[in-house]
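To start, the structure under review is shown below, and the notes come after it.
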Amino acid sequence: MYALPRAGLFTLEAERAHKVSLAAIARYPRLNQALFGCHVPRVPVKLMGLSLANPIGVAAGLDKNGTAIDGLAGLGFGFVEVGTVTPRPQSGNPRPRVFRLPSERALINRLGFNNAGVEALVQRLNTRRTECPVGVNLGKNRDTPAKHAVDDYLRGLAWVVDSADYVTINVSSPNTPGLRDLQESHALESLLSALVAERDRLALTRGRRLPLAVKVAPDLRPESITALAKVLQNAGVDGVIATNTTTDRRGVAVRWQSEAGGLSGAPLREPSNAVIRKLAARLDGTLPIIGVGGVQSRRDTADKFAAGASAVQLYTGLIYCGPRLVRQCALGATDALS
Ligand SMILES: Cc1cc2nc3c(=O)[nH]c(=O)nc-3n(C[C@H](O)[C@H](O)[C@H](O)COP(=O)(O)O)c2cc1C
């Protein structure tokens, strides 16, 4: 059923096709529910204190500005992550900046956090109808110097505290210069201690404690994963999302080797699973892992759970497989959890 729309969408430039698809998803949430959502099996789970109808979520970047939250929930997802959003709106890198690699079932993107800013996102969050939990993925503006990065995340947190169900601290996008340096132990420790302190302070005044997750890169050395796991365990955060896109180009055709940006989709699956496995071993059940990277089937989903994930997110798989993938992944979660 998806073959025809996909063929049409693939004639369009990738970013344009995305805009068209997202607008279509946003338009008739109840139709989405009738066509797709109602076929997704219930697989109730608890994640970071949230109750999910199933552990399959929308990965960050697909709906950066929260324009399609109800529509995405209608497709049957158990949670939706919007963003990355920055305190101030920004236009991102010059186009073209998203590329399809159909024979690899992959994408390369170097969007660079194009988004309408956190204030616009909060308005959208506040008018959503769905009860499906929504996370907000926070980043820093490109022109914010590294030493002031923490201020951008704190501003983001203060904006979304009353509207989000959880917040993701994105320190792993490859398209904002210097961002990944925040994964280094000392930098991450000081960033997370400021954010956790602010989250706890806000919890006292607002009466709700917002779960915090940290999203990490797949391009970490084993010793960095060990150090990272220690920092996460001590920081008081609630979860880790593994992984973002990769700068590695193994497994893709020569013509894409020098295309700058983050690679997602099938070639990312195993590298991402390897990071999840190592994190799971180091964290030893102390923090839940949300697995993301290359999930495109029921089997891929079950593999993520086997690697140590408690939930899964999708992006590139939806482009190649269409909305029926949500049902397949929920079945994969059932396979893994039963
Ligand atoms: C076009 C595109 C834009 C993305 N934008 C973001 C983003 O803004 N923030 C983020 O944390 N991850 C972003 N991601 C990464 C995804 O959330 C996900 O971690 C990655 O694509 C791996 O999953 P996949 O193989 O299912 O796509 C983006 C991915 C793609 C393909």
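Residues in the structure tokens are named by chain (A, B, ... in the order shown) and by number from 1 within that chain; ligands are numbered from 1 in the order shown.
The environment of Ala306 (chain A) within 12 Å, counting only C-alpha atoms and disregarding residues fewer than 2 places along the same chain, consists of Asn273, Ala274, Ile276, Arg277, Ala280, Ile289, Gly291, Arg299, Asp300, Thr301, Ala302, Asp303, Lys304, Gly308, Ala309, Ser310, Ala311, Val312, Gly332, Ala333, Asp335, Ala336 and Leu337 of chain A.
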Once you have the residues from the selection above, write them out as a PDB file, in the first residue's frame, restricted to C-alpha atoms.
```
ATOM      1  CA  ASN A 273      23.173  -2.015  18.766  1.00  0.00           C
ATOM      2  CA  ALA A 274      26.819  -2.361  19.783  1.00  0.00           C
ATOM      3  CA  ILE A 276      23.326  -0.214  23.373  1.00  0.00           C
ATOM      4  CA  ARG A 277      24.896  -3.531  24.392  1.00  0.00           C
ATOM      5  CA  ALA A 280      23.404  -1.937  29.017  1.00  0.00           C
ATOM      6  CA  ILE A 289      17.881   2.724  27.295  1.00  0.00           C
ATOM      7  CA  GLY A 291      17.201   2.211  21.325  1.00  0.00           C
ATOM      8  CA  ARG A 299      13.062  -8.451  13.844  1.00  0.00           C
ATOM      9  CA  ASP A 300      15.133  -5.236  14.145  1.00  0.00           C
ATOM     10  CA  THR A 301      12.875  -4.168  17.016  1.00  0.00           C
ATOM     11  CA  ALA A 302      13.265  -7.459  18.863  1.00  0.00           C
ATOM     12  CA  ASP A 303      17.047  -7.167  18.355  1.00  0.00           C
ATOM     13  CA  LYS A 304      17.081  -3.724  19.992  1.00  0.00           C
ATOM     14  CA  GLY A 308      19.235  -4.013  26.182  1.00  0.00           C
ATOM     15  CA  ALA A 309      16.718  -1.383  25.079  1.00  0.00           C
ATOM     16  CA  SER A 310      13.445  -0.819  26.954  1.00  0.00           C
ATOM     17  CA  ALA A 311      11.849   1.121  24.096  1.00  0.00           C
ATOM     18  CA  VAL A 312      12.610   1.895  20.456  1.00  0.00           C
ATOM     19  CA  GLY A 332       8.566  -7.040  17.606  1.00  0.00           C
ATOM     20  CA  ALA A 333       8.253  -5.558  21.081  1.00  0.00           C
ATOM     21  CA  ASP A 335       8.048 -10.928  20.695  1.00  0.00           C
ATOM     22  CA  ALA A 336      10.808  -9.522  22.879  1.00  0.00           C
ATOM     23  CA  LEU A 337       8.782  -8.887  26.014  1.00  0.00           C
TER      24      LEU A 337
END
```
When the cut-off is 6 Å and you count only C-alpha atoms and all ligand atoms, which residues lie near ligand 1, shown as a PyMOL selection string? chain A and resi 59-61+83-84+107+109+113+170+243-245+264-265+292-295+314-317
8 Å contact set for region 44-53 of chain A, only C-alpha atoms, chain neighbours under 5 positions out, as a ChimeraX atom specification: /A:78-79,132-133,165,211,238-239,288,310-311
Please report, as a ChimeraX atom specification, each residue of region 72-268 of chain A to which DSSP assigns helix (DSSP H, G or I) when run on this structure's backbone. /A:72-74,102-104,118-126,146-160,179-183,185-206,222-235,254-256,266-268
Tell me, as a ChimeraX atom specification, which residues lie within 12 Å of region 22-25 of chain A, counting only C-alpha atoms; anything in the same chain fewer than 3 positions away does not count. /A:5,9,15-19,28-33,35-36,61-76,318-319,322-323
Return the single residue from A:Pro55, A:Pro145, A:Pro102, A:Pro222 that is closest to Thr176 (chain A), with distances computed using only C-alpha atoms.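 Distance minimum relative to Thr176 (chain A) lands on A:Pro145.
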Write out as an MDAnalysis selection string each polymer residue whose atoms come within 12 Å of Thr144 (chain A), counting only C-alpha atoms; drop sequence neighbours fewer than 3 positions from it. chainID A and resid 86:88 90 139:141 147:153 176:179
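Excluding Val40 (chain A) and any residue on its chain fewer than 2 positions from it, the residues at most 8 Å away by only C-alpha atoms are A:Phe36, A:Gly37, A:Cys38, A:Arg42, A:Gly76, A:Val326, A:Arg327, A:Ala330.
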So what do you get for CA of Ser172 (chain A) versus CA of Asn54 (chain A), distance-wise?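 One can read the CA of Ser172 (chain A) to CA of Asn54 (chain A) distance as 25.7 Å.
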Calculate how many Å separate CA of Val231 (chain A) from CA of Leu157 (chain A), rounding to one decimal.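 Spanning CA of Val231 (chain A) to CA of Leu157 (chain A) is a straight-line distance of 20.1 Å.
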